[in-house]
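*Asks:* Following this line is start.cif, made up of mmCIF, C-alpha atoms and all ligand atoms:
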data_protein
#
loop_
_atom_site.group_PDB
_atom_site.id
_atom_site.type_symbol
_atom_site.label_atom_id
_atom_site.label_comp_id
_atom_site.auth_asym_id
_atom_site.auth_seq_id
_atom_site.Cartn_x
_atom_site.Cartn_y
_atom_site.Cartn_z
ATOM 1 C CA MET A 1 0.000 0.000 0.000
ATOM 2 C CA SER A 2 1.208 3.474 -0.780
ATOM 3 C CA ALA A 3 0.263 6.792 0.806
ATOM 4 C CA GLN A 4 -2.194 9.205 -0.741
ATOM 5 C CA ILE A 5 -0.519 12.319 -2.083
ATOM 6 C CA LEU A 6 -1.155 15.669 -0.409
ATOM 7 C CA ASP A 7 -0.845 17.490 -3.724
ATOM 8 C CA GLY A 8 0.214 21.031 -2.833
ATOM 9 C CA LYS A 9 0.634 22.094 -6.419
ATOM 10 C CA ALA A 10 -2.988 21.315 -7.349
ATOM 11 C CA THR A 11 -4.342 22.729 -4.085
ATOM 12 C CA ALA A 12 -2.347 25.928 -4.568
ATOM 13 C CA ALA A 13 -3.758 26.232 -8.096
ATOM 14 C CA ALA A 14 -7.314 26.017 -6.711
ATOM 15 C CA ILE A 15 -6.535 28.702 -4.105
ATOM 16 C CA LYS A 16 -5.003 30.924 -6.754
ATOM 17 C CA SER A 17 -8.043 30.723 -9.029
ATOM 18 C CA GLU A 18 -10.297 31.726 -6.113
ATOM 19 C CA LEU A 19 -7.913 34.592 -5.299
ATOM 20 C CA ALA A 20 -7.964 35.773 -8.921
ATOM 21 C CA GLN A 21 -11.703 36.418 -8.505
ATOM 22 C CA ARG A 22 -11.186 38.347 -5.281
ATOM 23 C CA VAL A 23 -8.438 40.403 -6.912
ATOM 24 C CA ALA A 24 -10.751 41.168 -9.845
ATOM 25 C CA ALA A 25 -13.422 42.379 -7.385
ATOM 26 C CA LEU A 26 -10.851 44.620 -5.664
ATOM 27 C CA ARG A 27 -9.730 46.042 -9.000
ATOM 28 C CA ASP A 28 -13.373 46.851 -9.853
ATOM 29 C CA ARG A 29 -13.350 48.985 -6.709
ATOM 30 C CA GLY A 30 -10.134 50.691 -7.803
ATOM 31 C CA VAL A 31 -7.810 48.749 -5.484
ATOM 32 C CA LEU A 32 -4.784 47.006 -6.943
ATOM 33 C CA PRO A 33 -3.023 44.620 -4.530
ATOM 34 C CA GLY A 34 0.768 44.745 -4.850
ATOM 35 C CA LEU A 35 3.315 42.332 -3.358
ATOM 36 C CA GLY A 36 6.772 43.655 -2.604
ATOM 37 C CA THR A 37 9.804 41.415 -2.144
ATOM 38 C CA VAL A 38 13.128 42.428 -0.659
ATOM 39 C CA LEU A 39 15.948 40.121 -1.713
ATOM 40 C CA VAL A 40 19.444 40.690 -0.362
ATOM 41 C CA GLY A 41 22.340 38.840 -1.955
ATOM 42 C CA GLU A 42 22.597 36.332 -4.798
ATOM 43 C CA ASP A 43 21.661 32.969 -3.234
ATOM 44 C CA PRO A 44 20.277 30.950 -6.200
ATOM 45 C CA GLY A 45 17.644 29.212 -4.040
ATOM 46 C CA SER A 46 16.309 32.519 -2.711
ATOM 47 C CA GLN A 47 16.319 34.044 -6.206
ATOM 48 C CA LYS A 48 14.278 31.077 -7.435
ATOM 49 C CA TYR A 49 11.704 31.332 -4.621
ATOM 50 C CA VAL A 50 11.285 35.070 -5.099
ATOM 51 C CA ALA A 51 10.890 34.609 -8.868
ATOM 52 C CA GLY A 52 8.197 31.982 -8.156
ATOM 53 C CA LYS A 53 6.311 34.431 -5.937
ATOM 54 C CA HIS A 54 6.224 37.035 -8.696
ATOM 55 C CA ARG A 55 5.067 34.440 -11.233
ATOM 56 C CA ASP A 56 2.188 33.571 -8.867
ATOM 57 C CA CYS A 57 1.342 37.282 -8.569
ATOM 58 C CA ALA A 58 1.084 37.627 -12.340
ATOM 59 C CA GLN A 59 -1.298 34.638 -12.427
ATOM 60 C CA VAL A 60 -3.764 36.162 -9.972
ATOM 61 C CA GLY A 61 -3.456 39.803 -11.079
ATOM 62 C CA ILE A 62 -1.362 41.114 -8.176
ATOM 63 C CA ALA A 63 1.255 43.757 -9.024
ATOM 64 C CA SER A 64 4.908 42.931 -8.314
ATOM 65 C CA ILE A 65 7.356 45.275 -6.665
ATOM 66 C CA GLN A 66 10.867 43.831 -6.574
ATOM 67 C CA ARG A 67 13.714 45.281 -4.572
ATOM 68 C CA GLU A 68 17.160 43.700 -4.816
ATOM 69 C CA LEU A 69 20.254 44.610 -2.846
ATOM 70 C CA PRO A 70 23.783 43.205 -3.089
ATOM 71 C CA ALA A 71 25.085 40.784 -0.443
ATOM 72 C CA THR A 72 27.254 43.666 0.816
ATOM 73 C CA ALA A 73 24.207 45.824 1.702
ATOM 74 C CA THR A 74 24.346 47.409 5.162
ATOM 75 C CA GLN A 75 21.705 47.277 7.882
ATOM 76 C CA GLU A 76 20.869 50.930 7.112
ATOM 77 C CA GLU A 77 20.455 50.271 3.380
ATOM 78 C CA ILE A 78 18.049 47.388 3.981
ATOM 79 C CA GLU A 79 16.111 49.423 6.532
ATOM 80 C CA ALA A 80 15.782 52.266 4.011
ATOM 81 C CA VAL A 81 14.093 49.863 1.553
ATOM 82 C CA VAL A 82 11.750 48.624 4.295
ATOM 83 C CA ARG A 83 10.775 52.213 5.164
ATOM 84 C CA GLU A 84 10.198 52.955 1.482
ATOM 85 C CA LEU A 85 7.823 49.957 1.101
ATOM 86 C CA ASN A 86 6.015 50.924 4.327
ATOM 87 C CA GLU A 87 5.256 54.311 2.714
ATOM 88 C CA ASP A 88 4.505 53.091 -0.823
ATOM 89 C CA PRO A 89 0.706 52.919 -1.357
ATOM 90 C CA ALA A 90 1.190 50.597 -4.358
ATOM 91 C CA CYS A 91 2.703 47.996 -2.014
ATOM 92 C CA THR A 92 -0.162 46.483 -0.010
ATOM 93 C CA GLY A 93 1.975 43.663 1.391
ATOM 94 C CA TYR A 94 5.605 42.608 1.275
ATOM 95 C CA ILE A 95 8.183 40.138 2.478
ATOM 96 C CA VAL A 96 11.858 40.361 3.293
ATOM 97 C CA GLN A 97 13.319 37.103 2.016
ATOM 98 C CA LEU A 98 15.151 35.266 4.798
ATOM 99 C CA PRO A 99 17.863 34.484 5.717
ATOM 100 C CA LEU A 100 19.569 37.870 5.457
ATOM 101 C CA PRO A 101 23.385 37.976 5.082
ATOM 102 C CA ARG A 102 25.489 37.411 8.192
ATOM 103 C CA GLY A 103 25.918 40.485 10.331
ATOM 104 C CA ILE A 104 22.434 41.823 9.546
ATOM 105 C CA ASP A 105 20.019 42.026 12.491
ATOM 106 C CA GLU A 106 17.015 40.189 11.042
ATOM 107 C CA ASN A 107 14.709 40.844 13.964
ATOM 108 C CA ARG A 108 15.295 44.579 13.755
ATOM 109 C CA ILE A 109 14.343 44.482 10.050
ATOM 110 C CA LEU A 110 11.172 42.470 10.746
ATOM 111 C CA GLU A 111 10.230 44.815 13.578
ATOM 112 C CA LEU A 112 10.566 47.840 11.303
ATOM 113 C CA MET A 113 7.976 46.507 8.853
ATOM 114 C CA ASP A 114 4.451 47.920 8.934
ATOM 115 C CA PRO A 115 2.516 45.006 10.538
ATOM 116 C CA ALA A 116 -0.454 45.840 8.282
ATOM 117 C CA LYS A 117 1.759 45.032 5.271
ATOM 118 C CA ASP A 118 3.427 41.941 6.738
ATOM 119 C CA ALA A 119 2.648 39.268 4.119
ATOM 120 C CA ASP A 120 4.720 36.594 5.921
ATOM 121 C CA GLY A 121 2.974 36.948 9.298
ATOM 122 C CA LEU A 122 6.390 37.122 10.960
ATOM 123 C CA HIS A 123 6.240 40.647 12.433
ATOM 124 C CA PRO A 124 6.397 40.444 16.256
ATOM 125 C CA THR A 125 3.019 42.185 16.506
ATOM 126 C CA ASN A 126 1.400 39.589 14.246
ATOM 127 C CA LEU A 127 3.080 36.644 15.983
ATOM 128 C CA GLY A 128 1.824 38.178 19.237
ATOM 129 C CA ARG A 129 -1.692 38.396 17.827
ATOM 130 C CA LEU A 130 -1.490 34.703 16.945
ATOM 131 C CA VAL A 131 -0.607 33.937 20.572
ATOM 132 C CA LEU A 132 -3.466 36.174 21.746
ATOM 133 C CA ASN A 133 -6.040 34.600 19.358
ATOM 134 C CA GLU A 134 -6.534 37.864 17.523
ATOM 135 C CA PRO A 135 -6.960 38.070 13.737
ATOM 136 C CA ALA A 136 -3.614 38.536 11.978
ATOM 137 C CA PRO A 137 -1.824 37.438 8.811
ATOM 138 C CA LEU A 138 -0.639 33.901 9.548
ATOM 139 C CA PRO A 139 2.874 32.564 8.888
ATOM 140 C CA CYS A 140 2.620 31.182 5.343
ATOM 141 C CA THR A 141 4.075 27.692 5.710
ATOM 142 C CA PRO A 142 2.121 26.671 8.852
ATOM 143 C CA PHE A 143 -1.014 28.224 7.324
ATOM 144 C CA GLY A 144 -0.383 26.316 4.082
ATOM 145 C CA ILE A 145 0.044 23.040 5.945
ATOM 146 C CA VAL A 146 -3.284 23.450 7.776
ATOM 147 C CA THR A 147 -5.012 24.333 4.487
ATOM 148 C CA LEU A 148 -3.471 21.313 2.758
ATOM 149 C CA LEU A 149 -4.607 18.914 5.507
ATOM 150 C CA ARG A 150 -8.126 20.372 5.423
ATOM 151 C CA HIS A 151 -8.275 20.202 1.639
ATOM 152 C CA PHE A 152 -7.615 16.445 1.728
ATOM 153 C CA GLY A 153 -9.878 15.785 4.694
ATOM 154 C CA VAL A 154 -7.133 14.758 7.121
ATOM 155 C CA GLU A 155 -8.630 14.912 10.614
ATOM 156 C CA ILE A 156 -6.840 17.562 12.700
ATOM 157 C CA ASN A 157 -9.366 17.707 15.536
ATOM 158 C CA GLY A 158 -8.019 15.563 18.375
ATOM 159 C CA ALA A 159 -5.002 14.402 16.367
ATOM 160 C CA GLU A 160 -1.622 13.791 17.974
ATOM 161 C CA VAL A 161 0.789 15.977 15.998
ATOM 162 C CA VAL A 162 4.559 15.949 16.203
ATOM 163 C CA VAL A 163 6.315 19.041 14.856
ATOM 164 C CA VAL A 164 10.038 18.480 14.320
ATOM 165 C CA GLY A 165 11.945 21.774 14.372
ATOM 166 C CA ARG A 166 11.817 25.086 16.231
ATOM 167 C CA GLY A 167 12.670 27.633 13.554
ATOM 168 C CA VAL A 168 10.894 30.977 13.556
ATOM 169 C CA THR A 169 9.113 30.551 10.193
ATOM 170 C CA ILE A 170 7.639 27.069 10.770
ATOM 171 C CA GLY A 171 8.544 25.147 13.920
ATOM 172 C CA ARG A 172 7.593 27.806 16.438
ATOM 173 C CA PRO A 173 4.346 29.113 14.907
ATOM 174 C CA MET A 174 3.069 25.673 13.721
ATOM 175 C CA PRO A 175 1.921 24.468 17.183
ATOM 176 C CA LEU A 176 0.208 27.833 17.775
ATOM 177 C CA LEU A 177 -1.993 27.280 14.720
ATOM 178 C CA LEU A 178 -2.668 23.622 15.432
ATOM 179 C CA THR A 179 -3.720 24.178 19.034
ATOM 180 C CA ARG A 180 -6.321 26.852 18.234
ATOM 181 C CA ARG A 181 -9.867 25.742 19.064
ATOM 182 C CA SER A 182 -10.599 25.674 15.327
ATOM 183 C CA GLU A 183 -7.883 23.009 14.807
ATOM 184 C CA ASN A 184 -7.899 21.417 18.236
ATOM 185 C CA ALA A 185 -4.844 19.187 17.830
ATOM 186 C CA THR A 186 -2.515 18.000 20.598
ATOM 187 C CA VAL A 187 1.014 18.973 19.653
ATOM 188 C CA THR A 188 4.446 17.781 20.707
ATOM 189 C CA GLN A 189 7.334 19.932 19.563
ATOM 190 C CA CYS A 190 10.580 18.030 18.986
ATOM 191 C CA HIS A 191 13.992 19.550 18.279
ATOM 192 C CA THR A 192 17.705 18.773 18.479
ATOM 193 C CA GLY A 193 17.419 18.489 22.256
ATOM 194 C CA THR A 194 14.720 15.788 22.069
ATOM 195 C CA ARG A 195 16.019 12.588 23.685
ATOM 196 C CA ASP A 196 14.024 10.010 21.725
ATOM 197 C CA LEU A 197 12.569 11.456 18.530
ATOM 198 C CA ALA A 198 11.516 8.026 17.199
ATOM 199 C CA ALA A 199 9.364 7.371 20.292
ATOM 200 C CA HIS A 200 7.450 10.617 19.675
ATOM 201 C CA LEU A 201 7.122 10.037 15.933
ATOM 202 C CA ARG A 202 5.667 6.541 16.421
ATOM 203 C CA ARG A 203 2.701 7.984 18.317
ATOM 204 C CA ALA A 204 1.925 10.759 15.821
ATOM 205 C CA ASP A 205 -1.177 10.878 13.612
ATOM 206 C CA ILE A 206 0.371 13.863 11.823
ATOM 207 C CA VAL A 207 4.091 14.607 11.438
ATOM 208 C CA VAL A 208 5.381 18.018 10.351
ATOM 209 C CA ALA A 209 9.063 17.551 9.498
ATOM 210 C CA ALA A 210 10.674 20.989 9.495
ATOM 211 C CA ALA A 211 14.163 20.367 10.881
ATOM 212 C CA GLY A 212 16.178 20.811 7.684
ATOM 213 C CA VAL A 213 17.868 17.431 8.227
ATOM 214 C CA PRO A 214 17.800 15.200 5.104
ATOM 215 C CA HIS A 215 15.719 12.009 5.559
ATOM 216 C CA LEU A 216 15.377 12.531 9.315
ATOM 217 C CA VAL A 217 11.947 10.826 9.405
ATOM 218 C CA LYS A 218 12.444 7.113 8.650
ATOM 219 C CA PRO A 219 9.786 4.556 7.622
ATOM 220 C CA GLU A 220 10.228 2.491 10.803
ATOM 221 C CA ASP A 221 9.410 5.554 12.944
ATOM 222 C CA VAL A 222 6.094 6.406 11.276
ATOM 223 C CA LYS A 223 2.745 5.094 12.512
ATOM 224 C CA PRO A 224 0.912 3.256 9.700
ATOM 225 C CA GLY A 225 -1.713 5.560 8.171
ATOM 226 C CA ALA A 226 -0.203 8.787 9.543
ATOM 227 C CA ALA A 227 -0.122 12.039 7.538
ATOM 228 C CA VAL A 228 3.460 13.177 6.944
ATOM 229 C CA LEU A 229 4.352 16.689 5.783
ATOM 230 C CA ASP A 230 7.832 17.194 4.395
ATOM 231 C CA VAL A 231 8.940 20.788 4.874
ATOM 232 C CA GLY A 232 12.713 20.325 4.539
ATOM 233 C CA VAL A 233 14.443 21.855 1.534
ATOM 234 C CA SER A 234 18.073 20.734 1.858
ATOM 235 C CA ARG A 235 19.989 20.365 -1.408
ATOM 236 C CA ASP A 236 22.227 17.524 -2.554
ATOM 237 C CA GLU A 237 25.499 18.048 -4.469
ATOM 238 C CA ASN A 238 23.519 18.439 -7.739
ATOM 239 C CA GLY A 239 21.230 21.100 -6.290
ATOM 240 C CA LYS A 240 18.296 18.692 -6.087
ATOM 241 C CA ILE A 241 15.880 19.144 -3.142
ATOM 242 C CA VAL A 242 16.287 16.563 -0.364
ATOM 243 C CA GLY A 243 13.453 16.569 2.141
ATOM 244 C CA ASP A 244 13.339 15.723 5.844
ATOM 245 C CA VAL A 245 11.294 12.595 5.059
ATOM 246 C CA HIS A 246 12.862 9.343 3.814
ATOM 247 C CA PRO A 247 11.189 8.187 0.548
ATOM 248 C CA GLY A 248 10.357 4.822 2.174
ATOM 249 C CA VAL A 249 7.829 6.602 4.425
ATOM 250 C CA ALA A 250 5.421 6.631 1.463
ATOM 251 C CA GLU A 251 4.952 2.859 2.000
ATOM 252 C CA VAL A 252 3.857 3.303 5.632
ATOM 253 C CA ALA A 253 2.064 6.654 5.785
ATOM 254 C CA GLY A 254 -1.594 7.196 4.904
ATOM 255 C CA TRP A 255 -0.876 10.606 3.381
ATOM 256 C CA ILE A 256 2.378 12.231 2.336
ATOM 257 C CA SER A 257 3.251 15.630 0.928
ATOM 258 C CA PRO A 258 5.599 15.340 -2.042
ATOM 259 C CA ASN A 259 8.699 17.506 -2.066
ATOM 260 C CA PRO A 260 8.798 19.425 -4.339
ATOM 261 C CA GLY A 261 5.100 19.877 -5.105
ATOM 262 C CA GLY A 262 3.760 19.823 -1.540
ATOM 263 C CA VAL A 263 4.352 22.418 1.142
ATOM 264 C CA GLY A 264 6.366 24.828 -1.097
ATOM 265 C CA PRO A 265 3.515 25.768 -3.480
ATOM 266 C CA MET A 266 1.114 26.011 -0.492
ATOM 267 C CA THR A 267 3.474 28.479 1.210
ATOM 268 C CA ARG A 268 3.394 30.662 -1.882
ATOM 269 C CA ALA A 269 -0.400 30.434 -2.189
ATOM 270 C CA GLN A 270 -0.924 31.475 1.443
ATOM 271 C CA LEU A 271 1.414 34.409 0.910
ATOM 272 C CA LEU A 272 -0.964 35.601 -1.815
ATOM 273 C CA VAL A 273 -3.917 35.060 0.546
ATOM 274 C CA ASN A 274 -2.210 37.353 3.071
ATOM 275 C CA VAL A 275 -1.562 39.992 0.396
ATOM 276 C CA VAL A 276 -5.157 39.937 -0.850
ATOM 277 C CA GLU A 277 -6.585 40.047 2.681
ATOM 278 C CA ALA A 278 -4.295 42.960 3.578
ATOM 279 C CA ALA A 279 -5.470 44.817 0.448
ATOM 280 C CA GLU A 280 -9.121 44.066 1.314
ATOM 281 C CA ARG A 281 -8.616 45.456 4.843
ATOM 282 C CA GLN A 282 -6.765 48.514 3.551
ATOM 283 C CA ALA A 283 -9.596 49.124 1.033
ATOM 284 C CA ALA A 284 -12.256 48.751 3.756
ATOM 285 C CA SER A 285 -10.508 51.197 6.094
ATOM 286 C CA ALA A 286 -10.057 53.720 3.249
ATOM 287 C CA ALA A 287 -13.749 53.522 2.254
HETATM 288 N N1 LIG B 1 10.578 35.908 4.374
HETATM 289 C C1 LIG B 1 10.567 34.672 3.871
HETATM 290 N N2 LIG B 1 9.395 34.079 3.562
HETATM 291 C C2 LIG B 1 9.369 32.820 3.031
HETATM 292 O O1 LIG B 1 8.292 32.285 2.757
HETATM 293 C C3 LIG B 1 10.617 32.160 2.789
HETATM 294 C C4 LIG B 1 11.795 32.836 3.119
HETATM 295 N N3 LIG B 1 11.742 34.065 3.655
HETATM 296 N N4 LIG B 1 12.990 32.258 2.903
HETATM 297 C C5 LIG B 1 13.114 30.967 2.300
HETATM 298 C C6 LIG B 1 11.898 30.096 2.502
HETATM 299 C C7 LIG B 1 11.752 28.989 1.498
HETATM 300 N N5 LIG B 1 10.473 29.182 0.867
HETATM 301 C C8 LIG B 1 9.953 28.416 -0.164
HETATM 302 C C9 LIG B 1 8.810 28.770 -0.850
HETATM 303 C C10 LIG B 1 8.341 28.036 -1.913
HETATM 304 C C11 LIG B 1 9.007 26.911 -2.340
HETATM 305 C C12 LIG B 1 8.489 26.172 -3.520
HETATM 306 O O2 LIG B 1 7.477 26.508 -4.082
HETATM 307 N N6 LIG B 1 9.182 25.113 -3.976
HETATM 308 C C13 LIG B 1 8.787 24.305 -5.109
HETATM 309 C C14 LIG B 1 9.980 23.806 -5.888
HETATM 310 C C15 LIG B 1 11.037 24.834 -6.154
HETATM 311 C C16 LIG B 1 12.342 24.182 -6.605
HETATM 312 O O3 LIG B 1 12.329 23.176 -7.307
HETATM 313 O O4 LIG B 1 13.379 24.736 -6.196
HETATM 314 C C17 LIG B 1 8.021 23.071 -4.631
HETATM 315 O O5 LIG B 1 8.153 22.722 -3.456
HETATM 316 O O6 LIG B 1 7.327 22.480 -5.442
HETATM 317 C C18 LIG B 1 10.126 26.515 -1.661
HETATM 318 C C19 LIG B 1 10.579 27.257 -0.581
HETATM 319 C C20 LIG B 1 9.914 30.320 1.340
HETATM 320 N N7 LIG B 1 10.696 30.898 2.257
#
Take the structure I supplied and represent it as structure tokens, if you would.

*Replies:*
Amino acid sequence: MSAQILDGKATAAAIKSELAQRVAALRDRGVLPGLGTVLVGEDPGSQKYVAGKHRDCAQVGIASIQRELPATATQEEIEAVVRELNEDPACTGYIVQLPLPRGIDENRILELMDPAKDADGLHPTNLGRLVLNEPAPLPCTPFGIVTLLRHFGVEINGAEVVVVGRGVTIGRPMPLLLTRRSENATVTQCHTGTRDLAAHLRRADIVVAAAGVPHLVKPEDVKPGAAVLDVGVSRDENGKIVGDVHPGVAEVAGWISPNPGGVGPMTRAQLLVNVVEAAERQAASAA
């Protein structure tokens, strides 16, 4: 038996076609959503992701505002671009592509962003709102994972979930989303300090593997029928994506997200959701 595929590419396409209608309605009211991206340095992976985001924008009718700085950019130069996007009415939402070059204070950059334009949901005010159960743009990857599970009818309510990883973009916010009353999961967060990862994994109905360790989740550690989400995007020597989930897991799991084609496209789709919702709110408060 082989796991059912949590097809992020197809699900993202469905979300994008719904968003295209909402963007058309906004444009009829004279509002044009615009996504800004700030890319610092020449990392080929980051360039590829940012290019993908602008391609998605074109598909749904969102304007693209691209800002690129060299790897040698200073803290002050990056902050100047952030201030410029905060002021630019054409930019209704934006992201600063992470990681930033060494020596740059990432948190200070995130904090400087206008939280109303935070398309990633990573501004401290918006992460705080998530903790406080207040409406806010949600971090795109955790949001995309919840949407993907819902789309395929994977039961989240009452599920035992193991999140592997404690990074700021996925590992830390993921349990906050999953433990809301609307999701109602029980979550264990594992990380490099976890004594017996396999023991936790074996009990999980849903595994979110976001450690960035190639093939960390092995077939023998997965409960038969579990849903396994592969968030890792390590690269092998040929530049090919290697996930956190061993390919053999597909023979044990009930559902598995392919990588590529799973969580990545969902992340991008939820980014567009955040941009459109920010534009809708900005239009409502201007009216
Ligand atoms: N401020 C910020 N926000 C982010 O959302 C953010 C970031 N920084 N830094 C880097 C990570 C990485 N990330 C990905 C998004 C889409 C794919 C994606 O769509 N991947 C395709 C394949 C792409 C390929 O083949 O390289 C797929 O999975 O099918 C991957 C990775 C967003 N990130």

*Asks:* Could you work out an axis-aligned box for ligand LIG 1 (chain B), taking every atom the file lists and adding 8 Å on each side, and report centre and edge lengths in Å to one decimal, as AutoDock Vina command-line options?

*Replies:*
--center_x 10.4 --center_y 29.2 --center_z -1.5 --size_x 22.1 --size_y 29.4 --size_z 27.7

*Asks:* Pick from A:Ile78, A:Val275, A:Ala3, A:Leu132: nearest to Ala227 in chain A, with all atoms listed in the file counted?

*Replies:*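 Nearest to Ala227 in chain A: A:Ala3.
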
*Asks:* A:Asp56, A:Glu68, A:Asp221, A:Asp105: which is nearest Ala198 in chain A, counting only C-alpha atoms?

*Replies:* A:Asp221

*Asks:* Which is closer to ligand LIG 1 (chain B) than all the others in A:Ser2, A:Asn274, A:Gln75, A:Thr179, using only C-alpha atoms and all ligand atoms?

*Replies:* A:Asn274

*Asks:* Taking all atoms listed in the file and a cut-off of 10 Å, can you tell me which residues surround ligand LIG 1 (chain B), written as an MDAnalysis selection string?

*Replies:* chainID A and resid 7:9 12 37:39 44:53 94:100 110 118:122 139:141 169:170 230:233 235 239:241 243 257:271

*Asks:* Provide the CA of Arg166 in chain A to CA of Pro219 in chain A distance in Å, to one decimal place.

*Replies:*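 Value for the CA of Arg166 in chain A-CA of Pro219 in chain A distance: 22.4 Å.
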
*Asks:* To test your reading of the syntax: which residues would the PyMOL selection byres (((chain A and resi 184) around 10) and not hetatm) return for the file shown? Reply as an MDAnalysis selection string.

*Replies:* chainID A and resid 156:160 177:183 185:187

*Asks:* Rank nothing, just name the residue among A:Glu84, A:Glu280, A:Glu111, A:Asp244 nearest to Val228 in chain A, using all atoms listed in the file.

*Replies:*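 With all atoms listed in the file as the atom set, the closest residue is A:Asp244.
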
*Asks:* Go through A:Asn126, A:Gln282, A:Thr192, A:Ser17 one by one, measure the shortest atom-to-atom distance of each to Val164 in chain A using all atoms listed in the file, and give the residue with the smallest value.

*Replies:*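 Result for the nearest residue to Val164 in chain A: A:Thr192.
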
*Asks:* Take CA of Ile5 in chain A and CA of Gly153 in chain A and report the distance between them in Å, one decimal.

*Replies:*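 Answer for the CA of Ile5 in chain A to CA of Gly153 in chain A separation: 12.1 Å.
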
*Asks:* Go through A:Met113, A:Leu148, A:Cys57, A:Val217 one by one, measure the shortest atom-to-atom distance of each to Ala14 in chain A using only C-alpha atoms, and give the residue with the smallest value.

*Replies:* A:Leu148

*Asks:* What do you get, as a list in words, if you spell out every residue that the PyMOL selection byres (((chain A and resi 88) around 12) and not hetatm) selects here?

*Replies:* Pro33, Gly34, Leu35, Gly36, Ile65, Val81, Val82, Arg83, Glu84, Leu85, Asn86, Glu87, Pro89, Ala90, Cys91, Thr92, Gly93, Tyr94, Asp114 and Lys117 of chain A

*Asks:* Could you work out how far CA of Val161 in chain A lies from CA of Ala204 in chain A, giving the answer in Å with one decimal?

*Replies:*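 Atom-to-atom, CA of Ala204 in chain A to CA of Val161 in chain A, that is 5.3 Å.
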
*Asks:* Go ahead and find all residues with at least one atom no further than 10 Å from (-7.5, 39.5, 0.9) in the file's coordinates, using all atoms listed in the file; report them as a ChimeraX atom specification.

*Replies:* /A:19,22-23,26,33,137,272-283

*Asks:* Dump C-alpha atoms for the selected residues as a tab-separated table (two decimals), in the coordinates of the input?

*Replies:*
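Produced file out.tsv, reproduced below:
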chain	number	residue	atom	x	y	z
A	19	LEU	CA	-7.91	34.59	-5.30
A	22	ARG	CA	-11.19	38.35	-5.28
A	23	VAL	CA	-8.44	40.40	-6.91
A	26	LEU	CA	-10.85	44.62	-5.66
A	33	PRO	CA	-3.02	44.62	-4.53
A	137	PRO	CA	-1.82	37.44	8.81
A	272	LEU	CA	-0.96	35.60	-1.82
A	273	VAL	CA	-3.92	35.06	0.55
A	274	ASN	CA	-2.21	37.35	3.07
A	275	VAL	CA	-1.56	39.99	0.40
A	276	VAL	CA	-5.16	39.94	-0.85
A	277	GLU	CA	-6.58	40.05	2.68
A	278	ALA	CA	-4.30	42.96	3.58
A	279	ALA	CA	-5.47	44.82	0.45
A	280	GLU	CA	-9.12	44.07	1.31
A	281	ARG	CA	-8.62	45.46	4.84
A	282	GLN	CA	-6.76	48.51	3.55
A	283	ALA	CA	-9.60	49.12	1.03

*Asks:* Any chance you could work out the residue set of the PyMOL selection byres (((chain A and resi 214) around 8) and not hetatm) here, as a count of residues only?

*Replies:* 11

*Asks:* Would you pull range 119-130 of chain A out of the block just shown and save N, CA and C atoms as a compact mmCIF listing (two decimals), in the first residue's frame?

*Replies:*
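So decode_36.txt came out as:
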# COMPACT_ATOMS: atom_id res chain seq x y z
N ALA A 119 3.25 40.37 4.87
CA ALA A 119 2.65 39.27 4.12
C ALA A 119 3.09 37.90 4.64
N ASP A 120 4.19 37.86 5.39
CA ASP A 120 4.72 36.59 5.92
C ASP A 120 4.12 36.22 7.27
N GLY A 121 3.48 37.20 7.94
CA GLY A 121 2.97 36.95 9.30
C GLY A 121 4.08 36.76 10.32
N LEU A 122 5.25 37.33 10.07
CA LEU A 122 6.39 37.12 10.96
C LEU A 122 6.75 38.36 11.78
N HIS A 123 6.00 39.46 11.60
CA HIS A 123 6.24 40.65 12.43
C HIS A 123 5.88 40.31 13.88
N PRO A 124 6.68 40.79 14.85
CA PRO A 124 6.40 40.44 16.26
C PRO A 124 4.97 40.77 16.69
N THR A 125 4.41 41.85 16.16
CA THR A 125 3.02 42.19 16.51
C THR A 125 2.07 41.10 16.01
N ASN A 126 2.31 40.60 14.81
CA ASN A 126 1.40 39.59 14.25
C ASN A 126 1.60 38.22 14.90
N LEU A 127 2.86 37.89 15.23
CA LEU A 127 3.08 36.64 15.98
C LEU A 127 2.43 36.75 17.36
N GLY A 128 2.49 37.95 17.95
CA GLY A 128 1.82 38.18 19.24
C GLY A 128 0.32 38.03 19.13
N ARG A 129 -0.24 38.55 18.03
CA ARG A 129 -1.69 38.40 17.83
C ARG A 129 -2.09 36.94 17.70
N LEU A 130 -1.22 36.14 17.07
CA LEU A 130 -1.49 34.70 16.95
C LEU A 130 -1.54 34.07 18.34
